[in-house]
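Peer 1: Below is protein.cif; it holds mmCIF, C-alpha atoms.
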data_target
#
loop_
_atom_site.label_atom_id
_atom_site.label_comp_id
_atom_site.auth_asym_id
_atom_site.auth_seq_id
_atom_site.Cartn_x
_atom_site.Cartn_y
_atom_site.Cartn_z
CA MET Z 9 6.85 -26.25 13.49
CA THR Z 10 7.71 -29.33 11.47
CA ALA Z 11 11.01 -31.13 11.62
CA HIS Z 12 12.35 -32.51 8.36
CA CYS Z 13 14.60 -35.52 8.00
CA ALA Z 14 17.98 -34.42 6.72
CA GLN Z 15 20.86 -36.73 7.45
CA HIS Z 16 19.27 -37.61 10.79
CA CYS Z 17 15.66 -38.50 11.37
CA ILE Z 18 14.18 -36.25 13.98
CA LEU Z 19 11.42 -37.06 16.37
CA PRO Z 20 8.69 -34.42 16.19
CA PRO Z 21 9.19 -31.66 18.79
CA ASN Z 22 6.03 -32.46 20.75
CA LEU Z 23 7.18 -36.03 21.24
CA LEU Z 24 10.62 -34.86 22.32
CA ASP Z 25 8.91 -32.42 24.69
CA ARG Z 26 6.92 -35.23 26.34
CA LEU Z 27 10.02 -37.37 26.62
CA ALA Z 28 11.86 -34.44 28.21
CA ARG Z 29 9.30 -34.55 31.02
CA SER Z 30 9.72 -38.28 31.52
CA ASP Z 31 10.41 -39.80 34.94
CA ASP Z 32 13.25 -41.73 33.35
CA GLU Z 33 16.41 -39.62 33.60
CA ALA Z 34 18.11 -41.31 30.67
CA LEU Z 35 15.08 -40.62 28.47
CA ARG Z 36 14.99 -37.00 29.66
CA ASP Z 37 18.65 -36.48 28.84
CA ALA Z 38 18.27 -38.02 25.40
CA ALA Z 39 15.24 -35.87 24.64
CA LEU Z 40 16.91 -32.69 25.84
CA ASN Z 41 19.90 -33.46 23.62
CA GLY Z 42 17.47 -33.95 20.75
CA LEU Z 43 15.84 -30.61 21.46
CA ALA Z 44 19.29 -29.01 21.49
CA LEU Z 45 19.69 -30.20 17.91
CA ASP Z 46 16.78 -27.96 17.00
CA GLY Z 47 19.09 -24.98 16.96
CA ARG Z 48 21.31 -26.64 14.43
CA PHE Z 49 18.34 -27.53 12.25
CA ARG Z 50 17.07 -23.99 12.28
CA LEU Z 51 20.50 -22.98 11.06
CA ALA Z 52 20.28 -25.62 8.35
CA ARG Z 53 16.88 -24.29 7.27
CA ALA Z 54 18.33 -20.80 7.08
CA GLU Z 55 21.16 -22.16 4.95
CA SER Z 56 18.69 -23.87 2.61
CA ALA Z 57 16.99 -20.51 2.14
CA ARG Z 58 20.07 -19.50 0.17
CA SER Z 59 18.95 -21.69 -2.69
CA LEU Z 60 15.48 -20.20 -2.96
CA ILE Z 61 14.92 -17.42 -5.44
CA ARG Z 62 12.84 -14.56 -4.09
CA ALA Z 63 9.24 -14.89 -5.26
CA PRO Z 64 8.39 -12.40 -8.01
CA LYS Z 65 5.93 -9.71 -6.97
CA SER Z 66 2.72 -9.28 -8.87
CA VAL Z 67 2.30 -5.86 -10.40
CA THR Z 68 -0.91 -3.91 -10.16
CA PHE Z 69 -1.78 -0.83 -12.14
CA ALA Z 70 -4.96 -0.14 -10.24
CA ARG Z 71 -3.41 2.51 -8.04
CA ILE Z 72 -1.32 5.61 -8.62
CA GLY Z 73 1.12 6.01 -5.75
CA GLY Z 74 2.07 9.09 -3.81
CA GLN Z 75 -0.59 9.17 -1.08
CA PRO Z 76 -0.44 7.24 2.19
CA GLN Z 77 -3.49 5.47 3.58
CA ARG Z 78 -3.13 5.95 7.32
CA THR Z 79 -5.38 4.79 10.13
CA ILE Z 80 -4.42 5.34 13.75
CA TYR Z 81 -6.08 3.22 16.44
CA ASP Z 82 -6.28 3.62 20.21
CA GLN Z 83 -5.43 0.36 21.99
CA GLN Z 84 -6.66 1.89 25.26
CA GLY Z 85 -3.93 0.27 27.36
CA SER Z 86 -4.85 -3.22 26.25
CA GLU Z 87 -2.42 -5.92 25.09
CA ALA Z 88 -4.85 -7.09 22.41
CA GLN Z 89 -2.93 -7.93 19.23
CA THR Z 90 -5.51 -6.50 16.82
CA PRO Z 91 -6.52 -2.90 16.12
CA GLY Z 92 -8.68 -1.22 18.77
CA VAL Z 93 -10.73 1.95 18.30
CA PRO Z 94 -10.02 3.87 15.07
CA ILE Z 95 -9.39 7.49 15.99
CA ARG Z 96 -7.95 9.16 12.93
CA MET Z 97 -8.28 8.05 9.31
CA GLU Z 98 -6.42 9.34 6.28
CA GLY Z 99 -7.24 12.96 5.51
CA GLN Z 100 -8.95 13.68 8.84
CA PRO Z 101 -7.80 16.67 10.88
CA SER Z 102 -5.82 16.59 14.14
CA VAL Z 103 -7.51 15.12 17.19
CA LYS Z 104 -7.11 15.79 20.91
CA ASP Z 105 -4.94 12.72 21.49
CA LYS Z 106 -1.34 13.85 20.93
CA ALA Z 107 -0.02 10.29 20.45
CA VAL Z 108 -2.54 9.74 17.65
CA ASN Z 109 -1.42 12.92 15.88
CA GLN Z 110 2.26 12.08 16.31
CA ALA Z 111 1.73 8.61 14.86
CA TYR Z 112 -0.26 10.07 11.97
CA ASP Z 113 2.39 12.68 11.19
CA GLY Z 114 5.30 10.27 11.65
CA LEU Z 115 3.78 7.69 9.32
CA GLY Z 116 3.14 10.46 6.81
CA ALA Z 117 6.74 11.65 6.98
CA THR Z 118 8.02 8.09 6.58
CA TYR Z 119 5.74 7.49 3.62
CA ALA Z 120 6.89 10.78 2.08
CA PHE Z 121 10.54 9.84 2.53
CA TYR Z 122 10.15 6.51 0.76
CA TRP Z 123 8.02 8.05 -2.00
CA SER Z 124 10.18 11.12 -2.64
CA VAL Z 125 13.53 9.33 -2.53
CA PHE Z 126 12.72 5.89 -3.93
CA GLU Z 127 9.22 6.19 -5.44
CA ARG Z 128 8.27 3.40 -3.06
CA ASP Z 129 4.52 3.36 -2.46
CA SER Z 130 4.27 2.31 1.20
CA ILE Z 131 5.59 -0.76 3.00
CA ASP Z 132 4.97 -3.22 0.18
CA GLY Z 133 5.49 -0.84 -2.72
CA ALA Z 134 1.81 -1.23 -3.60
CA GLY Z 135 0.07 1.24 -1.33
CA MET Z 136 -0.33 -0.99 1.73
CA PRO Z 137 -2.34 0.81 4.46
CA LEU Z 138 -0.27 2.28 7.28
CA LEU Z 139 -1.80 1.14 10.55
CA GLY Z 140 -0.52 2.72 13.77
CA LEU Z 141 -1.77 1.33 17.08
CA VAL Z 142 -1.06 3.69 19.99
CA HIS Z 143 -1.52 3.42 23.78
CA TYR Z 144 -0.60 -0.27 23.62
CA GLY Z 145 -0.25 -1.90 27.03
CA ARG Z 146 0.18 -0.22 30.41
CA ARG Z 147 3.22 2.06 30.76
CA TYR Z 148 4.70 -0.04 27.98
CA PRO Z 149 8.26 1.11 27.25
CA ASN Z 150 8.46 -0.07 23.66
CA ALA Z 151 7.26 0.10 20.06
CA PHE Z 152 7.21 -2.81 17.64
CA TRP Z 153 6.27 -4.16 14.22
CA ASP Z 154 4.09 -7.26 14.50
CA GLY Z 155 4.96 -8.82 11.15
CA ALA Z 156 1.29 -8.67 10.14
CA GLY Z 157 1.00 -5.08 8.96
CA HIS Z 158 0.63 -3.25 12.29
CA MET Z 159 2.93 -0.89 14.16
CA PHE Z 160 2.34 -0.80 17.91
CA PHE Z 161 3.40 2.12 20.13
CA GLY Z 162 3.52 2.21 23.93
CA ASP Z 163 3.22 5.29 26.12
CA GLY Z 164 6.47 4.50 27.91
CA ASP Z 165 7.03 4.02 31.64
CA GLY Z 166 8.55 7.44 32.25
CA GLN Z 167 11.88 5.88 33.20
CA ILE Z 168 13.19 3.79 30.32
CA LEU Z 169 11.12 5.42 27.60
CA THR Z 170 8.54 8.17 27.32
CA GLN Z 171 5.77 8.42 24.70
CA THR Z 172 7.18 6.39 21.79
CA THR Z 173 5.19 8.19 19.07
CA ALA Z 174 7.25 11.31 19.77
CA GLY Z 175 10.20 9.81 17.88
CA ILE Z 176 9.94 10.27 14.13
CA ASP Z 177 13.01 8.06 13.77
CA VAL Z 178 11.19 5.42 15.86
CA ILE Z 179 8.20 5.45 13.54
CA GLY Z 180 10.50 5.30 10.52
CA HIS Z 181 12.39 2.41 12.16
CA GLU Z 182 9.23 0.37 12.75
CA LEU Z 183 7.78 0.97 9.28
CA THR Z 184 11.13 -0.01 7.78
CA HIS Z 185 10.85 -3.44 9.45
CA GLY Z 186 7.84 -3.89 7.18
CA VAL Z 187 9.83 -2.79 4.15
CA THR Z 188 12.60 -5.25 5.03
CA GLN Z 189 10.06 -8.04 5.51
CA ASN Z 190 8.78 -7.33 2.00
CA GLU Z 191 12.25 -7.20 0.48
CA ALA Z 192 15.13 -9.28 1.84
CA ASN Z 193 13.12 -10.61 4.80
CA LEU Z 194 16.27 -10.74 6.92
CA THR Z 195 15.91 -13.37 9.63
CA TYR Z 196 15.65 -11.69 13.05
CA SER Z 197 18.58 -13.35 14.78
CA GLY Z 198 22.34 -13.47 14.41
CA GLN Z 199 24.03 -11.26 11.83
CA SER Z 200 20.99 -11.16 9.55
CA GLY Z 201 18.98 -9.92 12.54
CA ALA Z 202 21.54 -7.24 13.32
CA LEU Z 203 21.37 -6.20 9.64
CA ASN Z 204 17.59 -6.08 9.88
CA GLU Z 205 17.89 -3.82 12.92
CA SER Z 206 20.51 -1.66 11.26
CA VAL Z 207 18.45 -1.18 8.10
CA SER Z 208 15.63 0.14 10.30
CA ASP Z 209 17.98 2.60 12.01
CA VAL Z 210 19.54 3.61 8.67
CA PHE Z 211 16.21 4.58 7.12
CA GLY Z 212 14.67 5.75 10.39
CA ILE Z 213 17.40 8.34 10.85
CA GLN Z 214 17.02 9.52 7.26
CA VAL Z 215 13.29 10.02 7.78
CA LYS Z 216 14.16 12.26 10.73
CA GLN Z 217 16.93 14.05 8.82
CA GLN Z 218 14.61 14.77 5.90
CA ALA Z 219 11.79 15.98 8.14
CA LEU Z 220 14.12 18.32 10.03
CA GLY Z 221 16.14 19.47 7.01
CA GLN Z 222 19.41 17.99 8.35
CA ASP Z 223 22.38 17.00 6.24
CA VAL Z 224 25.02 14.41 7.17
CA HIS Z 225 26.94 16.97 9.25
CA THR Z 226 24.07 18.65 11.06
CA SER Z 227 22.39 15.38 12.06
CA ASP Z 228 23.41 13.98 15.46
CA TRP Z 229 22.96 10.39 14.17
CA LEU Z 230 21.26 9.46 17.44
CA ILE Z 231 18.40 6.97 17.55
CA GLY Z 232 15.63 7.43 20.09
CA ALA Z 233 16.77 10.79 21.48
CA ASP Z 234 13.17 12.02 21.51
CA ILE Z 235 11.75 9.10 23.46
CA VAL Z 236 14.30 8.20 26.14
CA GLY Z 237 13.46 8.47 29.79
CA PRO Z 238 15.99 9.49 32.46
CA ALA Z 239 17.43 5.97 32.64
CA LEU Z 240 18.65 5.98 29.03
CA ARG Z 241 19.50 9.59 28.23
CA PRO Z 242 20.67 11.05 25.95
CA ALA Z 243 19.69 8.42 23.37
CA LEU Z 244 19.23 4.69 22.70
CA ARG Z 245 21.92 4.30 20.04
CA SER Z 246 24.53 6.35 18.24
CA MET Z 247 25.23 5.51 14.62
CA LYS Z 248 28.26 7.80 14.76
CA GLN Z 249 29.82 6.30 17.91
CA PRO Z 250 28.17 3.00 18.82
CA GLY Z 251 28.47 2.23 22.51
CA THR Z 252 28.32 5.82 23.74
CA ALA Z 253 24.62 6.64 23.65
CA ASN Z 254 23.80 5.85 27.30
CA ALA Z 255 25.09 4.06 30.38
CA HIS Z 256 23.81 0.67 29.17
CA ASP Z 257 24.78 0.97 25.49
CA ASP Z 258 26.89 -2.09 24.63
CA GLN Z 259 26.97 -1.65 20.87
CA PRO Z 260 30.30 -2.47 19.23
CA ALA Z 261 31.77 0.04 16.77
CA ASP Z 262 33.57 -2.57 14.70
CA MET Z 263 33.99 -6.31 14.29
CA ASN Z 264 36.60 -6.49 17.05
CA GLY Z 265 33.71 -5.85 19.44
CA TYR Z 266 31.23 -8.21 17.79
CA VAL Z 267 29.17 -10.01 20.47
CA PRO Z 268 28.60 -13.67 19.51
CA GLY Z 269 25.01 -14.53 20.28
CA GLY Z 270 24.37 -10.87 21.05
CA ASP Z 271 20.99 -9.20 20.80
CA VAL Z 272 20.14 -7.93 17.32
CA HIS Z 273 20.12 -4.37 18.74
CA THR Z 274 23.70 -4.83 19.94
CA ASN Z 275 25.60 -5.91 16.84
CA SER Z 276 23.60 -3.54 14.63
CA GLY Z 277 26.11 -0.90 15.75
CA ILE Z 278 28.59 -2.25 13.23
CA PRO Z 279 26.58 -1.82 10.02
CA ASN Z 280 25.10 1.38 11.48
CA ARG Z 281 28.52 2.90 11.74
CA ALA Z 282 29.43 1.70 8.25
CA PHE Z 283 26.47 3.65 6.87
CA TYR Z 284 27.45 6.72 8.91
CA VAL Z 285 30.99 6.59 7.49
CA VAL Z 286 29.75 6.21 3.90
CA ALA Z 287 27.25 9.07 4.25
CA THR Z 288 29.62 11.49 5.96
CA THR Z 289 32.47 10.67 3.59
CA LEU Z 290 30.26 11.70 0.68
CA GLY Z 291 28.67 14.72 2.38
CA GLY Z 292 25.38 16.38 1.45
CA HIS Z 293 22.28 14.45 2.43
CA ALA Z 294 22.39 10.80 3.43
CA TRP Z 295 19.81 9.99 0.75
CA ASP Z 296 21.93 11.48 -2.05
CA ALA Z 297 23.89 8.27 -2.52
CA ALA Z 298 24.38 6.25 0.67
CA GLY Z 299 20.64 5.74 1.15
CA PRO Z 300 20.02 4.64 -2.46
CA ILE Z 301 22.95 2.20 -2.29
CA TRP Z 302 21.59 0.65 0.91
CA TYR Z 303 18.08 0.53 -0.57
CA ALA Z 304 19.31 -1.14 -3.74
CA ALA Z 305 21.16 -3.69 -1.61
CA LEU Z 306 18.03 -4.39 0.44
CA ARG Z 307 16.14 -5.10 -2.78
CA ASP Z 308 18.90 -7.11 -4.42
CA PRO Z 309 17.77 -10.75 -4.93
CA GLN Z 310 21.25 -11.86 -3.88
CA LEU Z 311 20.53 -10.60 -0.36
CA ARG Z 312 19.18 -13.69 1.35
CA PRO Z 313 17.22 -13.91 4.61
CA ASN Z 314 20.27 -15.42 6.32
CA ALA Z 315 22.77 -12.84 5.01
CA THR Z 316 25.90 -12.08 7.01
CA PHE Z 317 27.51 -8.65 7.38
CA ARG Z 318 30.00 -9.66 4.70
CA ASP Z 319 27.23 -10.71 2.30
CA PHE Z 320 25.50 -7.37 2.75
CA ALA Z 321 28.73 -5.40 2.47
CA ARG Z 322 29.61 -7.10 -0.79
CA ILE Z 323 26.20 -6.32 -2.22
CA THR Z 324 26.48 -2.63 -1.26
CA VAL Z 325 29.85 -2.47 -3.02
CA LYS Z 326 28.36 -4.16 -6.08
CA GLN Z 327 25.37 -1.81 -6.14
CA ALA Z 328 27.53 1.28 -5.67
CA GLY Z 329 29.60 0.15 -8.64
CA GLN Z 330 26.54 -0.53 -10.77
CA ILE Z 331 24.79 2.75 -9.95
CA TYR Z 332 27.78 5.13 -9.85
CA GLY Z 333 30.69 3.26 -11.45
CA ALA Z 334 33.35 0.98 -10.00
CA ASP Z 335 35.85 3.82 -9.58
CA SER Z 336 33.33 6.40 -8.36
CA ASP Z 337 33.58 8.38 -5.13
CA GLN Z 338 30.48 6.54 -4.00
CA ALA Z 339 31.97 3.07 -4.55
CA HIS Z 340 35.15 4.12 -2.76
CA ALA Z 341 33.17 5.54 0.14
CA VAL Z 342 31.28 2.27 0.53
CA ARG Z 343 34.54 0.33 0.73
CA GLN Z 344 35.83 2.84 3.29
CA GLY Z 345 32.71 2.39 5.37
CA TRP Z 346 33.13 -1.37 5.70
CA GLU Z 347 36.86 -1.04 6.23
CA ALA Z 348 36.21 1.38 9.09
CA VAL Z 349 34.12 -1.22 10.90
CA LYS Z 350 36.48 -4.06 9.97
CA VAL Z 351 34.04 -6.08 7.91
CA SER Z 352 36.24 -7.73 5.34
CA LEU Z 353 34.86 -8.01 1.85
CA MET T 12 8.29 -19.99 44.26
CA ARG T 13 11.47 -18.27 43.20
CA VAL T 14 11.95 -17.31 39.59
CA ASP T 15 14.65 -15.31 37.84
CA VAL T 16 13.23 -13.10 35.10
CA THR T 17 15.06 -11.19 32.37
CA ARG T 18 13.27 -9.09 29.75
CA ARG T 19 15.27 -8.72 26.55
CA GLY T 20 14.75 -7.29 23.12
CA GLY T 21 12.53 -4.30 22.44
CA PHE T 22 13.32 -1.19 20.47
CA ALA T 23 15.47 0.22 23.28
CA GLY T 24 17.62 -2.89 23.24
CA VAL T 25 18.32 -2.96 26.98
CA ALA T 26 17.70 -5.86 29.33
CA LEU T 27 15.77 -5.73 32.61
CA HIS T 28 16.49 -8.35 35.29
CA ALA T 29 15.10 -9.30 38.70
CA ALA T 30 15.28 -12.32 41.00
CA LEU T 31 11.65 -12.64 42.10
CA ASP T 32 9.57 -14.70 44.49
CA THR T 33 5.85 -15.27 44.04
CA ALA T 34 5.64 -14.79 47.83
CA GLN T 35 6.05 -11.08 47.09
CA LEU T 36 2.58 -11.11 45.51
CA PRO T 37 -0.83 -10.99 47.24
CA ALA T 38 -1.95 -14.58 47.99
CA ALA T 39 -4.48 -14.93 45.17
CA ASP T 40 -2.07 -13.49 42.56
CA ALA T 41 0.71 -15.70 43.94
CA SER T 42 -1.17 -18.96 43.57
CA ARG T 43 -2.37 -18.04 40.06
CA ALA T 44 1.20 -17.13 39.08
CA GLU T 45 2.58 -20.35 40.52
CA ALA T 46 0.06 -22.44 38.60
CA ALA T 47 0.92 -20.56 35.40
CA LEU T 48 4.65 -20.95 36.02
CA ARG T 49 4.33 -24.70 36.51
CA ASP T 50 2.50 -24.99 33.19
CA LEU T 51 5.14 -23.16 31.15
CA PRO T 52 6.91 -25.16 28.43
CA TRP T 53 10.13 -25.32 30.42
CA ASP T 54 13.28 -26.16 28.47
CA ARG T 55 11.57 -26.08 25.07
CA PRO T 56 13.83 -24.68 22.34
CA PRO T 57 13.36 -20.94 21.76
CA ALA T 58 10.91 -20.14 18.97
CA GLU T 59 11.81 -17.76 16.15
CA PRO T 60 10.44 -14.29 16.85
CA THR T 61 7.61 -12.87 14.78
CA GLY T 62 7.78 -9.26 13.76
CA ALA T 63 10.51 -7.04 15.20
CA ASP T 64 11.36 -5.14 18.41
CA ARG T 65 9.10 -7.30 20.56
CA PHE T 66 10.11 -8.08 24.13
CA ARG T 67 11.02 -11.61 25.09
CA TYR T 68 11.20 -12.98 28.63
CA GLU T 69 13.76 -15.47 29.92
CA LEU T 70 12.65 -17.28 33.05
CA ALA T 71 14.75 -19.57 35.18
CA THR T 72 13.86 -21.56 38.27
CA ALA T 73 15.68 -24.03 40.46
CA GLU T 74 12.55 -25.79 41.71
CA GLY T 75 13.19 -29.38 42.81
CA GLY T 76 16.94 -28.87 42.72
CA HIS T 77 17.62 -28.59 39.01
CA GLU T 78 17.64 -25.46 36.88
CA ARG T 79 14.99 -25.05 34.24
CA HIS T 80 14.80 -22.32 31.62
CA VAL T 81 12.19 -21.06 29.22
CA GLN T 82 12.05 -18.16 26.78
CA LEU T 83 8.65 -16.62 26.05
CA SER T 84 7.63 -14.01 23.53
CA GLU T 85 5.70 -11.17 25.14
CA ASP T 86 2.55 -12.28 23.33
CA GLU T 87 2.73 -15.65 25.10
CA ILE T 88 2.40 -14.07 28.56
CA SER T 89 -0.89 -15.08 30.18
CA ASP T 90 -2.84 -12.76 32.51
CA ALA T 91 -1.83 -14.91 35.49
CA LEU T 92 1.82 -13.95 34.95
CA ARG T 93 1.24 -10.20 34.61
CA PRO T 94 1.52 -9.40 38.34
CA LEU T 95 4.94 -11.06 38.31
CA LEU T 96 6.02 -8.93 35.36
CA ASP T 97 4.76 -5.83 37.17
CA LEU T 98 7.21 -6.76 39.95
CA LEU T 99 9.94 -6.93 37.31
CA SER T 100 9.06 -3.44 36.12
CA ASP T 101 9.18 -2.14 39.72
CA GLN T 102 12.25 -3.96 40.97
CA GLY T 103 14.23 -4.81 37.89
CA GLN T 104 17.73 -3.57 37.23
CA LEU T 105 18.62 -2.37 33.75
CA ARG T 106 21.47 -4.07 31.96
CA ALA T 107 23.01 -3.83 28.51
CA ALA T 108 21.15 -5.74 25.82
CA SER T 109 23.58 -8.63 25.70
CA GLY T 110 24.46 -8.58 29.38
#
Have the structure of the file written as structure tokens, please.

Peer 2:
Amino acid sequence: MTAHCAQHCILPPNLLDRLARSDDEALRDAALNGLALDGRFRLARAESARSLIRAPKSVTFARIGGQPQRTIYDQQGSEAQTPGVPIRMEGQPSVKDKAVNQAYDGLGATYAFYWSVFERDSIDGAGMPLLGLVHYGRRYPNAFWDGAGHMFFGDGDGQILTQTTAGIDVIGHELTHGVTQNEANLTYSGQSGALNESVSDVFGIQVKQQALGQDVHTSDWLIGADIVGPALRPALRSMKQPGTANAHDDQPADMNGYVPGGDVHTNSGIPNRAFYVVATTLGGHAWDAAGPIWYAALRDPQLRPNATFRDFARITVKQAGQIYGADSDQAHAVRQGWEAVKVSL
Amino acid sequence: MRVDVTRRGGFAGVALHAALDTAQLPAADASRAEAALRDLPWDRPPAEPTGADRFRYELATAEGGHERHVQLSEDEISDALRPLLDLLSDQGQLRAASG
């Protein structure tokens, strides 16, 4: 991490760190105050990202899309951060390990969703391999995207979560973090982080809805219902009624409940519910219009890494107008969605 | 050595908290954990997370009379700290994500 001189010259963090351990109390206090400025500088860096245009992507014609390239690895209970033993490669039949098959099928369904609805060829739009790493850690109650092209899945602890590959929405959620990283690259803290989380729920639930043949009224709009243990039943999150999914669900349903400094999985309830309102107002399948509007917003160069809820909302309204017309049902539904969660445009 | 541990983040978005003591561990594990705890970058500013849905751990101690805090990403956890985190899994109380 490098510190740049803006209006104030900053001592490099490692020097501040050494000073913070000094025997001299005055020096320690000064250094700790200096380290506290780091937060403000990170904010300033995020602000400066506004001025950067998104780098253009190179185009390759070497590959015709439409087929995933999946490899599922067994991490064998290790916390190693790189792929373990390859168990199932693309095109190979089912194996004995149920988690491997679930990851394979879930990645296939997610790929198929993005290809069929958006003609998006994998995470980067250019056929990036889909790498699922199962049996990560010991009784590990989590799944994550590592930011380097791998999706990790734990077996769960039997209390908080069970086998995480059993959730097709979970797999869709994790893969979508890769899509977001390749598009708007929403910074994973604050409102941009909550948007990042919400985008993963928005497309994760649609992957599940498509796989199960559910429309906006037959879907339960619950995230993680297939992987919760007894401690978090019936689900991790509700896009329909944030805050009601389980005994520890603290998601707000609108901006009145926004949690300053809250976890990115907390405030994501607000944009989640906005999407739910848009989709159910329009009826049919979520990917008829709501999904494409959200996808177009995610890919809009005006959506910066440090976007706020308002920034994102405005871009969805703009995209709805551009795709369907300013006075269309779709554009009106998008405005209704943000009004319902009290995000002012 | 007493240490307060909270696990946050993760796909489930809930927090897990326990007030622990290395004395709860077998002697060899305890001394390794204590050495690892002393070497943590206490009070450094939190780093930006890589990837998404990873756990992070917030540790707090009051050793020597003043409170110190550190936030670690789960991939910064050394083997010497794992027995302590196993205690967290066994004894921890679930809380809401932002609680």

Peer 1: Calculated over all atoms listed in the file, which of the candidates T:Asp64, T:Asp86, T:Leu99, T:Leu70 has the smallest distance to Z:Glu182?

Peer 2: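 When distances to Z:Glu182 are compared using all atoms listed in the file, the smallest one comes from T:Asp64.
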
Peer 1: What residues in chain Z have any atom no more than 9 Å from chain T when counting only C-alpha atoms, and can you write them as a VMD selection string?

Peer 2: chain Z and resid 21 25 28 40 43 to 44 46 to 47 87 89 149 to 156 165 168 to 169 178 182 185 to 186 189 195 to 197 204 to 205 232 236 239 to 240 244 to 245 255 to 259 267 269 to 274

Peer 1: For Z:Gly166, please output as a ChimeraX atom specification all residues within 8 Å (counting all atoms listed in the file; exclusion window: fewer than 5 positions along the same chain).

Peer 2: /Z:147,237-238

Peer 1: The PyMOL selection byres ((chain Z and resi 311) around 12) - which residues does that actually catch in the file I just gave you? List them as number ranges by chain.

Peer 2: Z: 57-62, 188, 191-195, 200, 203-204, 302-310, 312-324, 326-327

Peer 1: When the PyMOL selection byres ((chain T and resi 102) around 10) is applied to the file above, which residues end up in the set, as a PyMOL selection string?

Peer 2: chain T and resi 27-31+96-101+103-105

Peer 1: Give me the residues near Z:Ala282 as a ChimeraX atom specification, where near means some atom within 8 Å (using all atoms listed in the file) and where sequence neighbours in that chain fewer than 4 positions away do not count.

Peer 2: /Z:278,286,342,345-346,348-349

Peer 1: Just give me the gap between atom CA of T:Asp50 and atom CA of T:Met12 in Å, one decimal is fine.

Peer 2: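 Distance between the two atoms: 13.5 Å.
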
Peer 1: Taking the file as shown, what set of residues would the PyMOL selection byres ((chain T and resi 32-48) around 7) give back, as a list in words?

Peer 2: Met12, Arg13, Val14, Leu31, Arg49, Asp50, Leu51, Ala91, Leu92 and Pro94 of chain T
